[in-house]
file protein-v9.cif (mmCIF, C-alpha atoms)
data_coords
loop_
_atom_site.label_atom_id
_atom_site.label_comp_id
_atom_site.auth_asym_id
_atom_site.auth_seq_id
_atom_site.Cartn_x
_atom_site.Cartn_y
_atom_site.Cartn_z
CA MET R 1 5.45 9.79 -12.51
CA HIS R 2 6.30 7.27 -9.82
CA VAL R 3 9.93 6.15 -9.87
CA VAL R 4 11.71 3.29 -8.09
CA VAL R 5 15.51 3.16 -8.27
CA VAL R 6 17.69 0.21 -7.25
CA TYR R 7 21.44 0.32 -7.57
CA ASP R 8 24.42 -1.95 -7.20
CA THR R 9 27.54 0.19 -7.32
CA ALA R 10 31.10 -0.26 -6.08
CA GLN R 11 31.52 0.64 -2.43
CA GLU R 12 33.68 3.68 -3.15
CA ARG R 13 30.91 5.25 -5.24
CA ASN R 14 28.06 4.41 -2.86
CA PRO R 15 28.19 7.71 -0.91
CA ARG R 16 27.92 9.76 -4.10
CA ILE R 17 25.10 7.73 -5.61
CA LEU R 18 23.35 7.83 -2.24
CA ARG R 19 23.58 11.62 -2.11
CA THR R 20 22.36 11.94 -5.70
CA CYS R 21 19.37 9.68 -5.09
CA ARG R 22 18.49 11.57 -1.89
CA ARG R 23 18.36 14.84 -3.79
CA TYR R 24 15.48 13.47 -5.89
CA LEU R 25 13.86 10.57 -4.04
CA HIS R 26 13.02 8.95 -0.70
CA HIS R 27 15.23 6.24 0.76
CA VAL R 28 13.11 3.14 1.35
CA GLN R 29 15.76 0.44 1.75
CA ARG R 30 19.52 0.09 1.40
CA SER R 31 20.15 0.84 -2.32
CA VAL R 32 16.44 1.43 -3.03
CA PHE R 33 14.79 4.82 -3.52
CA GLU R 34 11.28 5.90 -4.49
CA GLY R 35 9.48 9.08 -5.37
CA GLN R 36 7.54 11.21 -7.79
CA LEU R 37 9.51 12.89 -10.57
CA SER R 38 8.52 14.96 -13.55
CA PRO R 39 9.93 13.88 -16.93
CA ALA R 40 12.47 16.75 -16.70
CA GLN R 41 13.55 15.73 -13.18
CA LEU R 42 13.88 12.13 -14.33
CA ARG R 43 16.14 13.18 -17.19
CA ARG R 44 18.33 15.24 -14.83
CA PHE R 45 18.48 12.41 -12.30
CA GLN R 46 19.53 9.89 -14.96
CA ALA R 47 22.12 12.31 -16.35
CA ASP R 48 23.55 12.84 -12.84
CA VAL R 49 23.71 9.08 -12.21
CA ASN R 50 25.25 8.43 -15.61
CA GLU R 51 28.04 10.88 -14.81
CA LEU R 52 29.05 9.30 -11.54
CA ILE R 53 28.80 5.55 -12.12
CA ASP R 54 31.42 3.30 -13.65
CA HIS R 55 29.62 1.89 -16.68
CA SER R 56 31.81 -1.21 -16.79
CA SER R 57 30.88 -2.44 -13.32
CA ASP R 58 28.03 -0.46 -11.68
CA HIS R 59 24.39 -1.24 -12.37
CA VAL R 60 21.37 0.99 -11.78
CA ILE R 61 17.75 0.18 -12.63
CA VAL R 62 15.20 2.99 -12.85
CA TYR R 63 11.60 1.73 -12.91
CA THR R 64 8.95 4.22 -13.98
CA LEU R 65 5.19 3.96 -13.85
CA PRO R 66 2.74 6.13 -15.76
CA PRO R 67 0.90 8.71 -13.61
CA GLY R 68 -2.11 7.20 -11.88
CA THR R 69 -0.71 3.69 -11.84
CA GLN R 70 -1.22 1.90 -8.58
CA LEU R 71 2.00 0.42 -7.25
CA VAL R 72 1.34 -1.70 -4.18
CA ARG R 73 4.18 -2.16 -1.71
CA HIS R 74 4.20 -5.05 0.80
CA THR R 75 6.97 -4.83 3.37
CA LEU R 76 8.20 -7.96 5.14
CA GLY R 77 10.49 -7.85 8.15
CA SER R 78 11.92 -4.93 10.01
CA ASP R 79 10.34 -1.50 9.89
CA LYS R 80 13.60 0.20 10.75
CA PRO R 81 14.40 3.29 8.69
CA ALA R 82 16.69 3.05 5.72
CA PRO R 83 20.38 3.33 6.72
CA SER R 84 20.84 6.92 5.62
CA ASP R 85 17.83 8.08 7.61
CA ILE R 86 19.55 7.04 10.84
CA LEU R 87 22.61 9.20 10.21
CA MET V 1 0.66 -9.75 -11.82
CA HIS V 2 4.08 -8.21 -12.23
CA VAL V 3 6.22 -8.40 -9.09
CA VAL V 4 9.49 -6.68 -8.16
CA VAL V 5 11.26 -7.81 -5.00
CA VAL V 6 14.15 -6.02 -3.30
CA TYR V 7 15.72 -7.34 -0.12
CA ASP V 8 18.25 -6.31 2.47
CA THR V 9 18.97 -9.32 4.64
CA ALA V 10 21.87 -10.32 6.86
CA GLN V 11 24.71 -11.97 4.95
CA GLU V 12 24.18 -15.38 6.54
CA ARG V 13 20.60 -15.51 5.24
CA ASN V 14 21.36 -14.20 1.75
CA PRO V 15 21.87 -17.64 0.15
CA ARG V 16 18.49 -18.88 1.37
CA ILE V 17 16.57 -15.75 0.34
CA LEU V 18 18.37 -15.87 -3.00
CA ARG V 19 17.32 -19.48 -3.57
CA THR V 20 13.74 -18.71 -2.56
CA CYS V 21 13.51 -15.72 -4.90
CA ARG V 22 15.00 -17.74 -7.75
CA ARG V 23 12.30 -20.38 -7.37
CA TYR V 24 9.66 -17.77 -8.24
CA LEU V 25 11.33 -14.88 -10.07
CA HIS V 26 14.15 -13.69 -12.35
CA HIS V 27 17.33 -12.21 -10.92
CA VAL V 28 17.80 -8.72 -12.39
CA GLN V 29 20.33 -7.20 -10.00
CA ARG V 30 22.03 -8.08 -6.73
CA SER V 31 19.11 -8.32 -4.24
CA VAL V 32 16.51 -7.48 -6.92
CA PHE V 33 14.15 -9.96 -8.57
CA GLU V 34 11.28 -9.60 -11.03
CA GLY V 35 8.61 -11.76 -12.55
CA GLN V 36 4.99 -12.63 -13.10
CA LEU V 37 3.17 -14.35 -10.25
CA SER V 38 -0.41 -15.39 -9.74
CA PRO V 39 -2.06 -14.25 -6.49
CA ALA V 40 -1.59 -17.79 -5.09
CA GLN V 41 2.10 -17.86 -6.05
CA LEU V 42 2.57 -14.43 -4.48
CA ARG V 43 1.03 -15.66 -1.23
CA ARG V 44 3.30 -18.73 -1.18
CA PHE V 45 6.36 -16.62 -2.00
CA GLN V 46 5.60 -14.18 0.81
CA ALA V 47 4.97 -17.03 3.24
CA ASP V 48 8.30 -18.64 2.28
CA VAL V 49 10.16 -15.35 2.73
CA ASN V 50 8.41 -14.65 6.03
CA GLU V 51 9.60 -17.98 7.36
CA LEU V 52 13.25 -17.48 6.59
CA ILE V 53 13.93 -13.83 7.40
CA ASP V 54 14.75 -12.35 10.80
CA HIS V 55 11.93 -9.88 11.34
CA SER V 56 13.96 -7.76 13.71
CA SER V 57 16.69 -6.94 11.21
CA ASP V 58 15.93 -8.10 7.64
CA HIS V 59 13.85 -6.02 5.25
CA VAL V 60 12.08 -7.16 2.09
CA ILE V 61 9.88 -5.04 -0.17
CA VAL V 62 7.49 -6.72 -2.60
CA TYR V 63 6.11 -4.34 -5.22
CA THR V 64 3.09 -5.54 -7.18
CA LEU V 65 1.42 -4.04 -10.21
CA PRO V 66 -2.05 -4.87 -11.49
CA PRO V 67 -2.11 -7.01 -14.66
CA GLY V 68 -1.69 -4.93 -17.78
CA THR V 69 0.22 -2.16 -16.04
CA GLN V 70 3.19 -0.92 -17.99
CA LEU V 71 6.35 -0.89 -15.89
CA VAL V 72 9.19 0.73 -17.79
CA ARG V 73 12.73 -0.25 -16.85
CA HIS V 74 15.72 1.95 -17.73
CA THR V 75 19.08 0.34 -17.03
CA LEU V 76 22.16 2.49 -16.48
CA GLY V 77 25.65 1.07 -16.36
CA SER V 78 26.85 -2.44 -16.81
CA ASP V 79 24.81 -5.05 -18.63
CA LYS V 80 26.56 -7.88 -16.85
CA PRO V 81 24.26 -10.65 -15.62
CA ALA V 82 23.10 -10.66 -12.02
CA PRO V 83 25.63 -12.33 -9.69
CA SER V 84 23.77 -15.60 -9.32
CA ASP V 85 23.52 -16.04 -13.08
CA ILE V 86 27.29 -16.25 -13.32
CA LEU V 87 27.59 -19.08 -10.81
#

call {"tool": "encode", "arguments": {"input": "protein-v9.cif", "output": "structure tokens"}}
result
Amino acid sequence: MHVVVVYDTAQERNPRILRTCRRYLHHVQRSVFEGQLSPAQLRRFQADVNELIDHSSDHVIVYTLPPGTQLVRHTLGSDKPAPSDIL
Amino acid sequence: MHVVVVYDTAQERNPRILRTCRRYLHHVQRSVFEGQLSPAQLRRFQADVNELIDHSSDHVIVYTLPPGTQLVRHTLGSDKPAPSDIL
């Protein structure tokens, strides 16, 4: 299924959440990742994220779309790569 | 149609993009908005955003889903309101 992840985590945890997201998904914008995951991969991804975030202050949204759903993406502004793709 | 907007803009433009997004959508996370827009509203929103961003450095993604599409949202971590809802 298609997955979009957006996160707002404390700065000290950003590198770890970034690495976790990159293991599963593509970086499309600062704090935004996208990709195709199986239900099992999605469960593992969510378990990994749950382990590393601080549940009292961090916030992560995982949007999922059923297979075959058409998600249209309009991009406004710069076409520069996401920050981690430059490194 | 259902719309999800994520933005990464320079700090000095954040208040204006925030205000523009709030005129059309609900604030669900820092730099993330959601809502239902008609095609005409979506065009106006995109035109408003296009006018205020710096196209050489800011980046805005507008995801749209056809009416009736089921977008599932899993939230991990804090349930605190989005930053602007506290102000």

call {"tool": "resolve_selection", "arguments": {"input": "protein-v9.cif", "expression": "the PyMOL selection byres ((chain V) within 10 of (chain R))", "output": "PyMOL selection string"}}
result
chain V and resi 3-9+28-32+46-47+49-50+53-66+69-82

call {"tool": "calpha_fit_and_write", "arguments": {"input": "protein-v9.cif", "fixed": "chain R", "moving": "chain V", "output": "compact mmCIF listing (two decimals) with C-alpha atoms, keeping the file's coordinate frame"}}
result
# COMPACT_ATOMS: atom_id res chain seq x y z
CA MET V 1 5.46 9.78 -12.52
CA HIS V 2 6.30 7.27 -9.83
CA VAL V 3 9.94 6.15 -9.87
CA VAL V 4 11.71 3.29 -8.09
CA VAL V 5 15.50 3.16 -8.27
CA VAL V 6 17.68 0.22 -7.25
CA TYR V 7 21.45 0.33 -7.56
CA ASP V 8 24.43 -1.95 -7.20
CA THR V 9 27.54 0.19 -7.31
CA ALA V 10 31.09 -0.27 -6.07
CA GLN V 11 31.52 0.64 -2.41
CA GLU V 12 33.68 3.68 -3.12
CA ARG V 13 30.92 5.25 -5.23
CA ASN V 14 28.05 4.42 -2.87
CA PRO V 15 28.19 7.71 -0.92
CA ARG V 16 27.92 9.78 -4.10
CA ILE V 17 25.09 7.72 -5.62
CA LEU V 18 23.34 7.83 -2.25
CA ARG V 19 23.59 11.63 -2.11
CA THR V 20 22.37 11.94 -5.70
CA CYS V 21 19.37 9.68 -5.09
CA ARG V 22 18.50 11.56 -1.90
CA ARG V 23 18.37 14.85 -3.81
CA TYR V 24 15.49 13.49 -5.90
CA LEU V 25 13.87 10.59 -4.04
CA HIS V 26 13.03 8.95 -0.70
CA HIS V 27 15.24 6.25 0.77
CA VAL V 28 13.11 3.13 1.35
CA GLN V 29 15.76 0.44 1.74
CA ARG V 30 19.52 0.08 1.40
CA SER V 31 20.15 0.84 -2.32
CA VAL V 32 16.44 1.43 -3.03
CA PHE V 33 14.79 4.82 -3.53
CA GLU V 34 11.28 5.90 -4.49
CA GLY V 35 9.48 9.08 -5.37
CA GLN V 36 7.55 11.20 -7.80
CA LEU V 37 9.52 12.89 -10.57
CA SER V 38 8.51 14.97 -13.54
CA PRO V 39 9.91 13.88 -16.93
CA ALA V 40 12.46 16.74 -16.71
CA GLN V 41 13.54 15.73 -13.19
CA LEU V 42 13.87 12.12 -14.33
CA ARG V 43 16.13 13.18 -17.19
CA ARG V 44 18.33 15.24 -14.85
CA PHE V 45 18.47 12.41 -12.31
CA GLN V 46 19.52 9.90 -14.96
CA ALA V 47 22.12 12.30 -16.34
CA ASP V 48 23.54 12.84 -12.83
CA VAL V 49 23.70 9.09 -12.19
CA ASN V 50 25.25 8.43 -15.60
CA GLU V 51 28.03 10.86 -14.80
CA LEU V 52 29.04 9.31 -11.53
CA ILE V 53 28.79 5.56 -12.11
CA ASP V 54 31.42 3.30 -13.66
CA HIS V 55 29.62 1.87 -16.67
CA SER V 56 31.81 -1.20 -16.78
CA SER V 57 30.87 -2.43 -13.32
CA ASP V 58 28.03 -0.45 -11.68
CA HIS V 59 24.38 -1.23 -12.36
CA VAL V 60 21.36 0.99 -11.77
CA ILE V 61 17.75 0.19 -12.63
CA VAL V 62 15.19 2.99 -12.86
CA TYR V 63 11.61 1.74 -12.90
CA THR V 64 8.95 4.22 -13.98
CA LEU V 65 5.19 3.95 -13.87
CA PRO V 66 2.74 6.13 -15.77
CA PRO V 67 0.89 8.70 -13.62
CA GLY V 68 -2.10 7.20 -11.88
CA THR V 69 -0.71 3.68 -11.85
CA GLN V 70 -1.22 1.89 -8.58
CA LEU V 71 2.01 0.41 -7.25
CA VAL V 72 1.34 -1.70 -4.18
CA ARG V 73 4.17 -2.16 -1.71
CA HIS V 74 4.20 -5.05 0.79
CA THR V 75 6.96 -4.82 3.38
CA LEU V 76 8.19 -7.95 5.14
CA GLY V 77 10.49 -7.84 8.13
CA SER V 78 11.91 -4.92 9.98
CA ASP V 79 10.33 -1.49 9.86
CA LYS V 80 13.58 0.20 10.76
CA PRO V 81 14.37 3.32 8.72
CA ALA V 82 16.68 3.06 5.74
CA PRO V 83 20.36 3.33 6.74
CA SER V 84 20.85 6.91 5.63
CA ASP V 85 17.86 8.08 7.65
CA ILE V 86 19.60 7.04 10.85
CA LEU V 87 22.72 9.10 10.17

call {"tool": "atom_distance", "arguments": {"input": "protein-v9.cif", "atom1": "CA of Leu52 in chain R", "atom2": "CA of Arg13 in chain R"}}
result
7.7 Å

call {"tool": "closest_residue", "arguments": {"input": "protein-v9.cif", "among": "V:Phe33, V:Ser38, V:Pro67, V:His2", "to": "Ile17 in chain V", "atoms": "all atoms listed in the file"}}
result
V:Phe33

call {"tool": "atom_distance", "arguments": {"input": "protein-v9.cif", "atom1": "CA of Asp48 in chain R", "atom2": "CA of Gly35 in chain V"}}
result
28.8 Å

call {"tool": "atom_distance", "arguments": {"input": "protein-v9.cif", "atom1": "CA of Gln36 in chain V", "atom2": "CA of Tyr24 in chain V"}}
result
8.5 Å

call {"tool": "closest_residue", "arguments": {"input": "protein-v9.cif", "among": "R:His26, R:Leu37, R:Pro15, R:Phe45", "to": "Met1 in chain R", "atoms": "all atoms listed in the file"}}
result
R:Leu37
